[in-house]
Every structure is written in C-alpha cells, then in structure tokens.
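Let me begin by presenting the structure, written as structure tokens, before commenting on it.
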Amino acid sequence: MKILVSILLLVYAKCTRGGVYTDRFLTQYEKIHDLANGYFSSNGVPYRCPEGLAIVSTDYGHTTDSEALSYFIWLQATYGGVTGDFSPFNNAWQMVEDTLVPKLQPSTSKYNHSAPILSNGLWVGVDPLFQELANTYGTSDMYILHWLADVDNKYGFGNVNGKCEAGPGETGPSLIQLGSGSIFQQIPSPTCDNWVYGGNYGFQYQDSDANRVWIYGAGPDADARAVQASFWASQYAKSLGKIDEISGSLQKASRLGDYLRYVLFDKSFKTVGNCIDPLECAPGTDRESAHYLLSWTISWGGSVDPNGWAWRVGSSTNYYAYQNPIAAYALSSDPNLIPRSPTAANDWKNSVERQVEFFEYTQSVEGSFAGAVTNSWKDNYEVPPSNLLDNTFYGMFYMPSADGSSTTFWYGQQAWAVDRLVQYYYISDDQKAKAILDKWVAWLLPNIKFDGNSYSVPNFLTLSGVPPSVSVSIQSSFNAIGTASATARILSYYAAKTNNAEAKNVAKELLDRMWALHQTQKGVSITETKDNYNTGFNTKVNIPLNGWTGTYPNNVPINADSTFLSIRPWFKDDPEWYKVENYLAGGPAPQFNFHQMIEQADIAISLATYGLLFNE
Ligand SMILES: *[C@@H]1O[C@H](CO)[C@@H](O)[C@H](O)[C@H]1NC(C)=O
C-alpha cells in the first residue's frame with residue numbers, strides 16, 4: 001500500500017505539477033545534462049562554464065567554484081520539486097562535499113581559539129564557535145566550501161581533495177586559489193603548498209623564512225545558497241512525503257550552516273560597533289563580536305606540519321547583496337536544517353532579523369539597494385570620515401561597495417539578493433520584509449522595458465550620498481539572461497504572495513521573451529564580443545616579489561615575461577581557440593556564446609518556480 005501511494009504521488013507529480021513552464025524547465029534541464037553539451041568533466045563535476053575560453057571571475061571556463069556548484073544543488077532541488085525525483089539532489093550534494101569541503105586540514109588541532117589570528121600587535125578577540133563545533137562534530141576541521149577548483153587539473157598541482165601537490169598525473173578536481181591583480185594578471189597556486197612547484201619556497205613569495213602552508217577561502221553567499229537550495233528541497237520533499245529520502249543531504253546543509261556562522265563575526269573577533277583604533281577597540285567575548293550579517297569572506301589555514309599552527313579569519317565587511325534571509329530562516333526554524341550545535345538556531349534567528357534591518361538600511365530613496373557597512377574602516381579599524389558617524393548600522397560604517405570606494409555596481413547581484421528576501425517573505429509573511437519589497441518592486445517595474453519582442457533590465461547602477469539619503473540611478477540596461485531570470489523569479493514570488501497581477505505579467509513576459517529570443521542548443525545565451533582578449537591574453541602576470549621565478553607542473557615557466565596565455569598552454573587545444581588566435585593576429589574580436597552554470601541553472605529554476613507557483 002505504501003509503495004502504491006508513492007507511485008501514485010510520483011505519477012501525480014509528473015503529470016500535474018505545472019505545465020508550459022515546468023516543461024520548459026525540463027527542456028533546459030535536459031540540455032544542461034546532455035553530456036554532448038560539455039557542462040561536465042569526465043569526473044561528473046560541472047564546470048563553471050562549458051566553454052573553456054570563458055574568462056570569468058574564476059579564472060577560465062573549466063574551473064568550478066562554490067557559486068556554480070551551489071546553483072547546481074539548487075537546480076537539482078528544483079528538479080526534485082518538479083518531478084518528485086530527489087536522487088540528483090542527493091548526488092549533487094555528495095559531489096559538492098567530495099569536491100569542495102577540504103579533507104586536508106592537517107594542523108587544525110593546533111588552532112588556538114583564544115588567538116584565532118596570528119598577528120603581532122593586533123588585540124584580537126576569542127573565537128566563540130570553535131569549542132562548540134568541535135564538541136558537536138568531534139573534529140577541529142572546518143566544514144565550509146573552499147571556493148575554487150581546477151576541474152581537470154590543467155595547472156597540474158594535483159591538489160585533489162585530501163592530497164597535497166600529488167602532481168599532473170591526477171585527474172582532478174584540484175583545489176586552487178588565485179593570486180593578486182586583475183583576472184589576467186593572477187598567478188593561480190595550490191591551496192596546499194608543500195614547495196613542490198613554483199619557486200624556491202613554492203608559491204610563498206619570500207626570500208627566506210617561508211613556511212609550507214595550506215589555506216582555504218570561502219565565498220559565503222555560495223555556501224548560504226547551498227543551504228537555501230536545500231531548504232527548497234526540504235519544502236518540496238515534505239509536500240511529496242519524501243523528506244526521508246533527502247535526510248542525508250539536509251544533514252550536510254545543516255552542518256554547513258553550523259560552520260557558516262563564522263561569517264557572522266568581525267574578522268578579528270573584536271567588539272562590533274564604533275570599533276575604532278586597533279589598540280583601543282576591545283576584543284569581544286562570546287557574541288560581542290557578532291554583526292550577524294553574511295560578511296564578505298572567511299579563510300582558514302595553517303602549516304603543512306600537523307604539529308605547527310592554524311588560524312581563522314573572517315571579514316568585518318558586510319555587503320547587502322550577500323545577505324540571504326531565507327537561508328538564515330531555514331537554519332533557525334526548519335527542523336530538518338537547524339544545526340546540531342546548541343547555540344546555532346539562535347544565532348541564525350538573530351541573523352534573520354539583522355539581515356532584514358540591513359536591507360532597510362541599504363535601501364536607497366528610490367527603492368534600489370546599495371552599499372555595505374564595515375566594523376573595520378580601511379580594514380584596519382581606522383577613524384572613518386565624520387559624515388559617516390551619524391547614521392551607522394549597529395555602529396558599523398557605511399561604504400558604497402564592499403571592496404572600497406566604487407560607486408558603480410551591477411544589478412545582477414541585487415536581483416540575487418532580493419530574490420532571497422522575497423523568498424523569505426513568501427515563506428514567513430514578515431510584514432517588515434513586505435514593506436521593503438513593496439518599495440523595491442515599485443522602483444523596479446517602470447525600469448523593465450519591453451520593446452517589440454525584446455526586453456531590457458537594469459545592468460549597471462551608480463549611487464551617491466550616505467544613509468539615510470543614498471540615491472541610486474540606472475546607468476545602463478540590457479537584455480540580460482541570468483539577471484532577467486532572477487528578476488522574473490522575484491516577481492513570481494512577490495506576485496504569488498500579494499496577488500499583484502502586473503508583477504506576475506512582467507515575470508511571464510521576461511521568461512517568454514528570453515525563451516523565444518535566446519535559446520541555443522546548449523541552453524540560453526547571448527552572443528558576446530570579447531574585444532579585451534588581445535590585451536588580456538598578452539597581459540604580463542603579476543609577480544609579487546621582484547626577481548621571483550618559478551615553474552608550474554608540466555615545466556611551464558613563470559617569470560617576468562610570462563603572460564596570461566603562456567601559463568595556460570592548454571588554451572591552444574580549445575575548439576574555439578582559432579577565434580582568439582585570429583584576433584591576436586590582427587583579425588576581428590572573437591565572439592562567443594557562453595553558457596555559465598550560474599545563468600543556465602538560474603533560468604531553469606525561474607521557469608520551474610513560475611510553473612509551480614501558478615501551476616502553468
Ligand atoms: C592561546 O592564546 C592565548 C592568548 O594569546 C595565550 O594566552 C595562550 O597561551 C595560548 N595557548 C597556547 C596553547 O598556545
């Protein structure tokens with residue numbers, strides 16, 4: 001009888017959930033999973049982008065990162081919601097854990113939680129999470145996603161999860177980090193540096209006194225997205241009576257959420273609020289150092305020698321676009337996701353409230369969001385300009401952007417962030433969130449333009465002023481794909497909750513027009529002309545120490561003459577290389593149709609969300 005019921009549910013799920021839009025979801029999903037379309041490595045790990053010559057924030061197309069993989073988990077959660085089959089969701093979680101949760105953290109038992117950061121002269125606070133997490137999970141290792149991997153081990157470090165520089169014979173993925181400078185200047189290096197490759201001291205750019213070290217870094221918005229995706233899997237599975245099928249994956253998400261609390265604290269665990277002067281601002285104990293927002297990054301590392309030392313450092317900078325109130329809500333109230341550590345649910349409960357307040361604080365007079373706050377001015381607890389002292393956020397100081405003074409910012413990140421706010425509102429019915437969203441939607445709708453069969457959404461925005469009178473204007477708009485789909489999803493949730501017919505219609509128009517205009521054999525894409533690839537590919541790499549030389553595995557030299565291209569010789573084997581080669585020889589700028597996982601998954605998820613919410 002039980003079997004019959006679940007078969008019936010599956011049939012029900014397959015036949016009646018959604019319609020045109022869930023069918024389109026499945027079309028897009030099948031394109032992504034068609035192996036001929038090149039989204040996956042031979043190890044079954046999705047690339048950031050199937051096109052190897054996509055030079056994006058993660059180096060080249062065949063890297064992968066926690067952002068792409070968190071989107072992949074979300075894609076699979078959505079597939080479960082549409083079809084009732086959650087095995088791809090479980091497989092995705094296993095793959096992500098195997099790939100990006102570092103297995104090699106040799107010296108964490110030497111971490112001193114009373115001195116989390118090894119720094120001379122800085123008065124640092126106590127890490128209030130370490131002991132609790134160690135008690136809960138029986139290990140001193142972290143459970144957070146390292147952000148970046150070289151999927152096919154092209155650089156050759158062989159830093160396959162659990163190994164330190166096992167070399168080019170490994171098939172990958174190999175955990176790497178990027179160097180300093182622009183994307184074209186950076187010298188990628190292994191997360192575990194045992195001095196096998198690079199210069200005399202591996203990739204430690206020092207003349208002497210260097211150490212053999214390991215280091216990992218996270219992009220917390222991606223980790224939070226993995227939790228958010230798991231929350232939707234939990235919702236879908238519950239409604240289909242299948243929650244038991246995904247309990248193992250939910251435990252992984254829950255554990256990730258337990259450790260992700262590190263990003264809710266000041267980077268040196270100093271007291272949050274009016275923290276000025278590194279020697280004056282007091283170190284915090286317990287939650288005195290918590291800002292409760294999803295900050296910019298967390299990194300951790302130590303010595304390769306297990307008897308050496310280890311450190312952890314968070315971030316004092318909080319950007320509105322990293323916030324994820326639905327993930328925080330899930331970690332504080334979904335019994336399947338509340339982390340096991342005793343204080344975790346309460347930390348995330350405080351975080352939900354703080355994040356919603358932060359959206360309110362960073363909302364411009366027009367309705368768009370903009371800006372960040374920091375507990376550490378100039379990243380050194382300096383004295384901020386006096387015009388910032390009146391309107392702080394819990395004593396933290398306003399900055400136009402998370403990485404300095406730039407006043408121009410991309411709308412896409414805003415669309416992602418507001419999507420998380422509207423999902424939170426959809427689930428919680430929080431009226432404070434509703435008021436913020438009402439104002440945002442009223443700003444957005446007139447700025448989405450339909451012209452003939454085309455459409456445009458904002459692209460770059462610029463801000464001026466300081467709170468409470470930050471003003472935002474739209475610099476440019478275009479027919480984007482990923483940001484338009486995220487916008488459509490926001491409007492779908494908003495419309496479903498508030499019965500707003502215009503929001504629903506605009507969501508539908510964006511999805512329909514994108515589908516009609518930009519479908520390709522591999523997914524949905526807009527042709528891009530890369531007129532910076534000639535200067536970019538010939539850019540000299542940035543060597544941080546004068547006179548330093550080294551070699552990559554496979555004997556690729558790194559020296560003052562090395563370029564972006566010379567340290568990546570495999571580019572010449574790429575099927576689209578001829579386009580760049582032609583350009584470097586004086587021909588026209590190359591054109592590509594890239595299919596980044598984050599966009600392809602986002603589009604699929606939007607189609608399914610619209611289909612499931614409105615049964616269309
Ligand atoms: C840990 O750090 C504290 C504060 O700096 C220090 O007093 C203590 O001796 C350190 N413990 C160990 C085992 O090094």
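The way I read the labels, and the way they are meant: chains A, B, ... in the order of the structure tokens, residue 1 as the first residue of every chain, and ligand 1 as the first ligand shown, with later ones counted on from there.
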
Under the rule of at most 12 Å, produce a per-residue listing of chain A near ligand 1: chain, number, name, the closest pair of atoms, and the distance in Å, as JSON lines, using only C-alpha atoms and all ligand atoms.
{"residue": "A:Ser109", "atom": "CA", "partner": "ligand 1", "partner_atom_place_in_ligand_line": "13 (C)", "distance": 10.6}
{"residue": "A:Lys110", "atom": "CA", "partner": "ligand 1", "partner_atom_place_in_ligand_line": "13 (C)", "distance": 7.9}
{"residue": "A:Tyr111", "atom": "CA", "partner": "ligand 1", "partner_atom_place_in_ligand_line": "1 (C)", "distance": 8.5}
{"residue": "A:Asn112", "atom": "CA", "partner": "ligand 1", "partner_atom_place_in_ligand_line": "1 (C)", "distance": 5.0}
{"residue": "A:His113", "atom": "CA", "partner": "ligand 1", "partner_atom_place_in_ligand_line": "1 (C)", "distance": 6.8}
{"residue": "A:Ser114", "atom": "CA", "partner": "ligand 1", "partner_atom_place_in_ligand_line": "2 (O)", "distance": 4.6}
{"residue": "A:Ala115", "atom": "CA", "partner": "ligand 1", "partner_atom_place_in_ligand_line": "2 (O)", "distance": 4.6}
{"residue": "A:Pro116", "atom": "CA", "partner": "ligand 1", "partner_atom_place_in_ligand_line": "2 (O)", "distance": 8.1}
{"residue": "A:Ile117", "atom": "CA", "partner": "ligand 1", "partner_atom_place_in_ligand_line": "5 (O)", "distance": 9.6}
{"residue": "A:Leu118", "atom": "CA", "partner": "ligand 1", "partner_atom_place_in_ligand_line": "5 (O)", "distance": 9.3}
{"residue": "A:Ser119", "atom": "CA", "partner": "ligand 1", "partner_atom_place_in_ligand_line": "5 (O)", "distance": 10.2}
{"residue": "A:Asn120", "atom": "CA", "partner": "ligand 1", "partner_atom_place_in_ligand_line": "5 (O)", "distance": 10.5}
{"residue": "A:Gly121", "atom": "CA", "partner": "ligand 1", "partner_atom_place_in_ligand_line": "5 (O)", "distance": 11.1}
{"residue": "A:Leu122", "atom": "CA", "partner": "ligand 1", "partner_atom_place_in_ligand_line": "5 (O)", "distance": 10.7}
{"residue": "A:Trp123", "atom": "CA", "partner": "ligand 1", "partner_atom_place_in_ligand_line": "5 (O)", "distance": 9.1}
{"residue": "A:Val124", "atom": "CA", "partner": "ligand 1", "partner_atom_place_in_ligand_line": "5 (O)", "distance": 8.5}
{"residue": "A:Gly125", "atom": "CA", "partner": "ligand 1", "partner_atom_place_in_ligand_line": "4 (C)", "distance": 8.9}
{"residue": "A:Val126", "atom": "CA", "partner": "ligand 1", "partner_atom_place_in_ligand_line": "4 (C)", "distance": 8.4}
{"residue": "A:Asp127", "atom": "CA", "partner": "ligand 1", "partner_atom_place_in_ligand_line": "2 (O)", "distance": 10.8}
{"residue": "A:Pro283", "atom": "CA", "partner": "ligand 1", "partner_atom_place_in_ligand_line": "4 (C)", "distance": 11.3}
{"residue": "A:Gly308", "atom": "CA", "partner": "ligand 1", "partner_atom_place_in_ligand_line": "14 (O)", "distance": 11.0}
{"residue": "A:Trp309", "atom": "CA", "partner": "ligand 1", "partner_atom_place_in_ligand_line": "14 (O)", "distance": 9.5}
{"residue": "A:Ala310", "atom": "CA", "partner": "ligand 1", "partner_atom_place_in_ligand_line": "14 (O)", "distance": 11.1}
{"residue": "A:Trp311", "atom": "CA", "partner": "ligand 1", "partner_atom_place_in_ligand_line": "1 (C)", "distance": 11.4}

**Item:** Contacts of Phe592 of chain A at 8 Å (only C-alpha atoms; same-chain gap of 5+ positions) as a PyMOL selection string
**Value:** chain A and resi 527-530

**Asked** Quick one: residues within 6 Å of Thr374 of chain A, only C-alpha atoms counted, chain neighbours fewer than 2 positions away excluded, as a ChimeraX atom specification?
**Response** /A:316-317,376,396-397

**Asked** Given the choices A:Thr408, A:Gln355, A:Asn453, A:Ser107, which gets closest to Trp300 of chain A if the distance is worked out from only C-alpha atoms?
**Response** A:Ser107

Enumerate as a tab-separated table (two decimals) with N, CA, C and O atoms, in the first residue's frame all residues of segment 413-550 of chain A assigned to helix (DSSP H, G or I) by DSSP on the backbone, naming them with the chain letters and numbers the document uses.
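Listed below is the output, result03.tsv:
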chain	number	residue	atom	x	y	z
A	413	GLN	N	23.67	41.23	-8.95
A	413	GLN	CA	23.81	40.79	-7.56
A	413	GLN	C	22.61	41.25	-6.73
A	413	GLN	O	22.21	40.58	-5.78
A	414	GLN	N	22.06	42.39	-7.09
A	414	GLN	CA	20.88	42.88	-6.39
A	414	GLN	C	19.69	41.95	-6.64
A	414	GLN	O	18.93	41.62	-5.74
A	415	ALA	N	19.57	41.52	-7.91
A	415	ALA	CA	18.47	40.61	-8.23
A	415	ALA	C	18.60	39.32	-7.41
A	415	ALA	O	17.61	38.80	-6.88
A	416	TRP	N	19.82	38.82	-7.31
A	416	TRP	CA	20.01	37.60	-6.50
A	416	TRP	C	19.61	37.83	-5.04
A	416	TRP	O	18.97	37.00	-4.40
A	417	ALA	N	20.04	38.98	-4.50
A	417	ALA	CA	19.80	39.25	-3.08
A	417	ALA	C	18.31	39.45	-2.80
A	417	ALA	O	17.76	38.93	-1.82
A	418	VAL	N	17.65	40.22	-3.67
A	418	VAL	CA	16.23	40.49	-3.44
A	418	VAL	C	15.42	39.20	-3.60
A	418	VAL	O	14.42	38.98	-2.91
A	419	ASP	N	15.87	38.32	-4.49
A	419	ASP	CA	15.23	37.02	-4.64
A	419	ASP	C	15.19	36.28	-3.29
A	419	ASP	O	14.20	35.67	-2.91
A	420	ARG	N	16.29	36.39	-2.55
A	420	ARG	CA	16.35	35.70	-1.26
A	420	ARG	C	15.46	36.39	-0.23
A	420	ARG	O	14.87	35.74	0.64
A	421	LEU	N	15.35	37.71	-0.33
A	421	LEU	CA	14.46	38.44	0.57
A	421	LEU	C	13.00	38.09	0.28
A	421	LEU	O	12.20	37.86	1.18
A	422	VAL	N	12.65	38.01	-1.00
A	422	VAL	CA	11.25	37.75	-1.34
A	422	VAL	C	10.88	36.30	-1.01
A	422	VAL	O	9.76	36.01	-0.60
A	423	GLN	N	11.83	35.39	-1.13
A	423	GLN	CA	11.54	34.01	-0.74
A	423	GLN	C	11.28	33.94	0.76
A	423	GLN	O	10.40	33.21	1.22
A	424	TYR	N	12.08	34.71	1.50
A	424	TYR	CA	11.86	34.77	2.95
A	424	TYR	C	10.47	35.32	3.26
A	424	TYR	O	9.73	34.79	4.09
A	425	TYR	N	10.09	36.39	2.58
A	425	TYR	CA	8.76	36.97	2.79
A	425	TYR	C	7.67	35.97	2.40
A	425	TYR	O	6.67	35.80	3.12
A	426	TYR	N	7.86	35.29	1.29
A	426	TYR	CA	6.87	34.33	0.81
A	426	TYR	C	6.61	33.24	1.86
A	426	TYR	O	5.47	32.87	2.12
A	427	ILE	N	7.68	32.79	2.50
A	427	ILE	CA	7.56	31.72	3.49
A	427	ILE	C	7.10	32.25	4.85
A	427	ILE	O	6.26	31.65	5.52
A	428	SER	N	7.63	33.41	5.28
A	428	SER	CA	7.43	33.86	6.66
A	428	SER	C	6.27	34.83	6.84
A	428	SER	O	5.79	35.02	7.94
A	431	GLN	N	6.00	41.23	7.69
A	431	GLN	CA	5.47	42.46	7.09
A	431	GLN	C	6.53	43.55	6.91
A	431	GLN	O	6.40	44.43	6.06
A	432	LYS	N	7.59	43.47	7.71
A	432	LYS	CA	8.69	44.41	7.54
A	432	LYS	C	9.37	44.14	6.19
A	432	LYS	O	9.69	45.07	5.43
A	433	ALA	N	9.58	42.86	5.91
A	433	ALA	CA	10.16	42.50	4.61
A	433	ALA	C	9.23	42.92	3.48
A	433	ALA	O	9.68	43.41	2.44
A	434	LYS	N	7.93	42.77	3.69
A	434	LYS	CA	6.97	43.14	2.65
A	434	LYS	C	7.08	44.63	2.31
A	434	LYS	O	7.10	45.00	1.12
A	435	ALA	N	7.16	45.47	3.34
A	435	ALA	CA	7.23	46.92	3.08
A	435	ALA	C	8.47	47.28	2.26
A	435	ALA	O	8.41	48.11	1.35
A	436	ILE	N	9.58	46.62	2.58
A	436	ILE	CA	10.83	46.87	1.84
A	436	ILE	C	10.66	46.42	0.39
A	436	ILE	O	11.06	47.12	-0.55
A	437	LEU	N	10.03	45.27	0.22
A	437	LEU	CA	9.84	44.72	-1.13
A	437	LEU	C	8.85	45.56	-1.94
A	437	LEU	O	9.03	45.75	-3.15
A	438	ASP	N	7.81	46.05	-1.29
A	438	ASP	CA	6.83	46.90	-1.99
A	438	ASP	C	7.55	48.09	-2.64
A	438	ASP	O	7.31	48.44	-3.79
A	439	LYS	N	8.43	48.69	-1.85
A	439	LYS	CA	9.15	49.87	-2.34
A	439	LYS	C	10.10	49.48	-3.49
A	439	LYS	O	10.23	50.21	-4.48
A	440	TRP	N	10.74	48.33	-3.34
A	440	TRP	CA	11.69	47.88	-4.37
A	440	TRP	C	10.96	47.56	-5.68
A	440	TRP	O	11.40	47.97	-6.76
A	441	VAL	N	9.86	46.85	-5.58
A	441	VAL	CA	9.12	46.46	-6.78
A	441	VAL	C	8.58	47.71	-7.49
A	441	VAL	O	8.61	47.81	-8.72
A	442	ALA	N	8.14	48.70	-6.70
A	442	ALA	CA	7.63	49.94	-7.29
A	442	ALA	C	8.75	50.68	-8.05
A	442	ALA	O	8.51	51.33	-9.06
A	443	TRP	N	9.98	50.56	-7.55
A	443	TRP	CA	11.13	51.15	-8.25
A	443	TRP	C	11.45	50.36	-9.51
A	443	TRP	O	11.73	50.92	-10.58
A	444	LEU	N	11.41	49.05	-9.39
A	444	LEU	CA	11.89	48.21	-10.49
A	444	LEU	C	10.96	48.20	-11.70
A	444	LEU	O	11.43	48.34	-12.84
A	445	LEU	N	9.67	48.02	-11.46
A	445	LEU	CA	8.76	47.73	-12.58
A	445	LEU	C	8.86	48.76	-13.72
A	445	LEU	O	8.97	48.35	-14.89
A	446	PRO	N	8.87	50.07	-13.43
A	446	PRO	CA	8.99	51.02	-14.56
A	446	PRO	C	10.35	50.94	-15.26
A	446	PRO	O	10.49	51.47	-16.36
A	447	ASN	N	11.33	50.31	-14.64
A	447	ASN	CA	12.66	50.23	-15.24
A	447	ASN	C	12.89	48.94	-16.02
A	447	ASN	O	14.00	48.69	-16.49
A	482	GLY	N	20.68	35.87	-17.24
A	482	GLY	CA	20.63	35.43	-15.85
A	482	GLY	C	19.97	36.43	-14.91
A	482	GLY	O	19.17	36.06	-14.05
A	483	THR	N	20.27	37.70	-15.09
A	483	THR	CA	19.67	38.69	-14.18
A	483	THR	C	18.18	38.87	-14.49
A	483	THR	O	17.39	39.11	-13.58
A	484	ALA	N	17.82	38.73	-15.76
A	484	ALA	CA	16.39	38.83	-16.09
A	484	ALA	C	15.63	37.65	-15.49
A	484	ALA	O	14.50	37.80	-15.00
A	485	SER	N	16.26	36.48	-15.51
A	485	SER	CA	15.54	35.32	-14.95
A	485	SER	C	15.42	35.44	-13.43
A	485	SER	O	14.39	35.11	-12.85
A	486	ALA	N	16.48	35.96	-12.77
A	486	ALA	CA	16.38	36.16	-11.32
A	486	ALA	C	15.30	37.20	-11.01
A	486	ALA	O	14.53	37.05	-10.05
A	487	THR	N	15.22	38.23	-11.85
A	487	THR	CA	14.18	39.24	-11.67
A	487	THR	C	12.79	38.62	-11.84
A	487	THR	O	11.86	38.91	-11.07
A	488	ALA	N	12.67	37.76	-12.84
A	488	ALA	CA	11.37	37.10	-13.06
A	488	ALA	C	10.98	36.24	-11.85
A	488	ALA	O	9.81	36.17	-11.47
A	489	ARG	N	11.96	35.62	-11.23
A	489	ARG	CA	11.67	34.78	-10.06
A	489	ARG	C	11.22	35.64	-8.87
A	489	ARG	O	10.30	35.27	-8.14
A	490	ILE	N	11.90	36.78	-8.67
A	490	ILE	CA	11.48	37.70	-7.60
A	490	ILE	C	10.01	38.08	-7.81
A	490	ILE	O	9.19	38.00	-6.89
A	491	LEU	N	9.72	38.51	-9.03
A	491	LEU	CA	8.36	38.99	-9.31
A	491	LEU	C	7.34	37.86	-9.20
A	491	LEU	O	6.19	38.09	-8.82
A	492	SER	N	7.75	36.64	-9.50
A	492	SER	CA	6.84	35.49	-9.37
A	492	SER	C	6.47	35.26	-7.90
A	492	SER	O	5.29	35.11	-7.57
A	493	TYR	N	7.49	35.22	-7.03
A	493	TYR	CA	7.19	35.02	-5.60
A	493	TYR	C	6.36	36.18	-5.05
A	493	TYR	O	5.41	35.98	-4.29
A	494	TYR	N	6.74	37.38	-5.46
A	494	TYR	CA	6.04	38.56	-4.96
A	494	TYR	C	4.58	38.53	-5.42
A	494	TYR	O	3.65	38.77	-4.63
A	495	ALA	N	4.37	38.21	-6.69
A	495	ALA	CA	3.02	38.17	-7.24
A	495	ALA	C	2.19	37.06	-6.60
A	495	ALA	O	1.01	37.25	-6.28
A	496	ALA	N	2.82	35.92	-6.37
A	496	ALA	CA	2.09	34.80	-5.78
A	496	ALA	C	1.64	35.14	-4.36
A	496	ALA	O	0.58	34.71	-3.91
A	497	LYS	N	2.45	35.92	-3.66
A	497	LYS	CA	2.13	36.23	-2.27
A	497	LYS	C	1.15	37.40	-2.16
A	497	LYS	O	0.30	37.43	-1.26
A	498	THR	N	1.29	38.38	-3.05
A	498	THR	CA	0.49	39.61	-2.90
A	498	THR	C	-0.63	39.72	-3.93
A	498	THR	O	-1.34	40.72	-3.96
A	501	ALA	N	-1.02	41.46	-10.10
A	501	ALA	CA	-1.14	40.97	-11.48
A	501	ALA	C	-0.05	41.53	-12.38
A	501	ALA	O	0.45	40.84	-13.27
A	502	GLU	N	0.35	42.78	-12.14
A	502	GLU	CA	1.37	43.36	-13.01
A	502	GLU	C	2.71	42.64	-12.81
A	502	GLU	O	3.41	42.32	-13.78
A	503	ALA	N	3.06	42.38	-11.56
A	503	ALA	CA	4.32	41.68	-11.28
A	503	ALA	C	4.31	40.31	-11.95
A	503	ALA	O	5.31	39.89	-12.55
A	504	LYS	N	3.19	39.63	-11.87
A	504	LYS	CA	3.10	38.29	-12.49
A	504	LYS	C	3.29	38.40	-14.00
A	504	LYS	O	4.02	37.63	-14.62
A	505	ASN	N	2.64	39.39	-14.59
A	505	ASN	CA	2.72	39.53	-16.03
A	505	ASN	C	4.13	39.89	-16.51
A	505	ASN	O	4.61	39.37	-17.51
A	506	VAL	N	4.80	40.77	-15.76
A	506	VAL	CA	6.17	41.14	-16.15
A	506	VAL	C	7.09	39.92	-16.02
A	506	VAL	O	7.94	39.67	-16.88
A	507	ALA	N	6.90	39.12	-14.97
A	507	ALA	CA	7.68	37.90	-14.83
A	507	ALA	C	7.48	36.99	-16.04
A	507	ALA	O	8.43	36.47	-16.63
A	508	LYS	N	6.24	36.82	-16.42
A	508	LYS	CA	5.91	35.94	-17.54
A	508	LYS	C	6.52	36.47	-18.84
A	508	LYS	O	7.11	35.71	-19.62
A	509	GLU	N	6.41	37.78	-19.05
A	509	GLU	CA	6.96	38.38	-20.28
A	509	GLU	C	8.48	38.17	-20.35
A	509	GLU	O	9.02	37.86	-21.41
A	510	LEU	N	9.15	38.38	-19.22
A	510	LEU	CA	10.61	38.20	-19.23
A	510	LEU	C	10.96	36.76	-19.58
A	510	LEU	O	11.84	36.50	-20.42
A	511	LEU	N	10.27	35.82	-18.96
A	511	LEU	CA	10.58	34.40	-19.22
A	511	LEU	C	10.24	34.03	-20.66
A	511	LEU	O	11.02	33.34	-21.33
A	512	ASP	N	9.11	34.49	-21.15
A	512	ASP	CA	8.69	34.15	-22.52
A	512	ASP	C	9.64	34.74	-23.56
A	512	ASP	O	10.03	34.09	-24.52
A	513	ARG	N	9.99	36.01	-23.37
A	513	ARG	CA	10.83	36.69	-24.36
A	513	ARG	C	12.24	36.11	-24.38
A	513	ARG	O	12.83	35.91	-25.44
A	514	MET	N	12.77	35.86	-23.20
A	514	MET	CA	14.10	35.26	-23.13
A	514	MET	C	14.12	33.91	-23.84
A	514	MET	O	15.03	33.58	-24.60
A	515	TRP	N	13.07	33.16	-23.60
A	515	TRP	CA	12.97	31.82	-24.18
A	515	TRP	C	12.87	31.90	-25.70
A	515	TRP	O	13.52	31.14	-26.43
A	516	ALA	N	12.08	32.85	-26.18
A	516	ALA	CA	11.90	32.98	-27.62
A	516	ALA	C	13.14	33.54	-28.31
A	516	ALA	O	13.48	33.13	-29.42
A	517	LEU	N	13.86	34.44	-27.63
A	517	LEU	CA	14.97	35.14	-28.30
A	517	LEU	C	16.31	34.45	-28.16
A	517	LEU	O	17.14	34.52	-29.07
A	518	HIS	N	16.58	33.81	-27.02
A	518	HIS	CA	17.96	33.48	-26.70
A	518	HIS	C	18.24	31.99	-26.49
A	518	HIS	O	19.29	31.63	-25.97
A	533	TYR	N	40.25	40.49	-25.29
A	533	TYR	CA	41.05	39.26	-25.23
A	533	TYR	C	42.45	39.44	-25.82
A	533	TYR	O	43.35	38.68	-25.47
A	534	ASN	N	42.66	40.43	-26.68
A	534	ASN	CA	44.03	40.61	-27.20
A	534	ASN	C	44.94	41.18	-26.13
A	534	ASN	O	45.99	40.62	-25.82
A	535	THR	N	44.54	42.29	-25.52
A	535	THR	CA	45.37	42.82	-24.44
A	535	THR	C	45.37	41.86	-23.26
A	535	THR	O	46.40	41.64	-22.63
A	536	GLY	N	44.22	41.26	-22.98
A	536	GLY	CA	44.10	40.36	-21.84
A	536	GLY	C	45.03	39.16	-21.94
A	536	GLY	O	45.79	38.87	-21.01
A	537	PHE	N	45.01	38.47	-23.07
A	537	PHE	CA	45.81	37.25	-23.19
A	537	PHE	C	47.31	37.54	-23.22
A	537	PHE	O	48.12	36.68	-22.90

**Asked** Hey, what's within 9 Å of Asp207 of chain A if we count only C-alpha atoms and toss same-chain stuff fewer than 5 positions away? As a list in words, please?
**Response**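 That gives Asn200, Tyr201, Leu545 and Trp548 of chain A.
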
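Going from atom CA of Phe359 of chain A to atom CA of Leu129 of chain A covers 26.3 Å.
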
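The coordinates place atom CA of Leu178 of chain A at 28.2 Å from atom CA of Lys270 of chain A.
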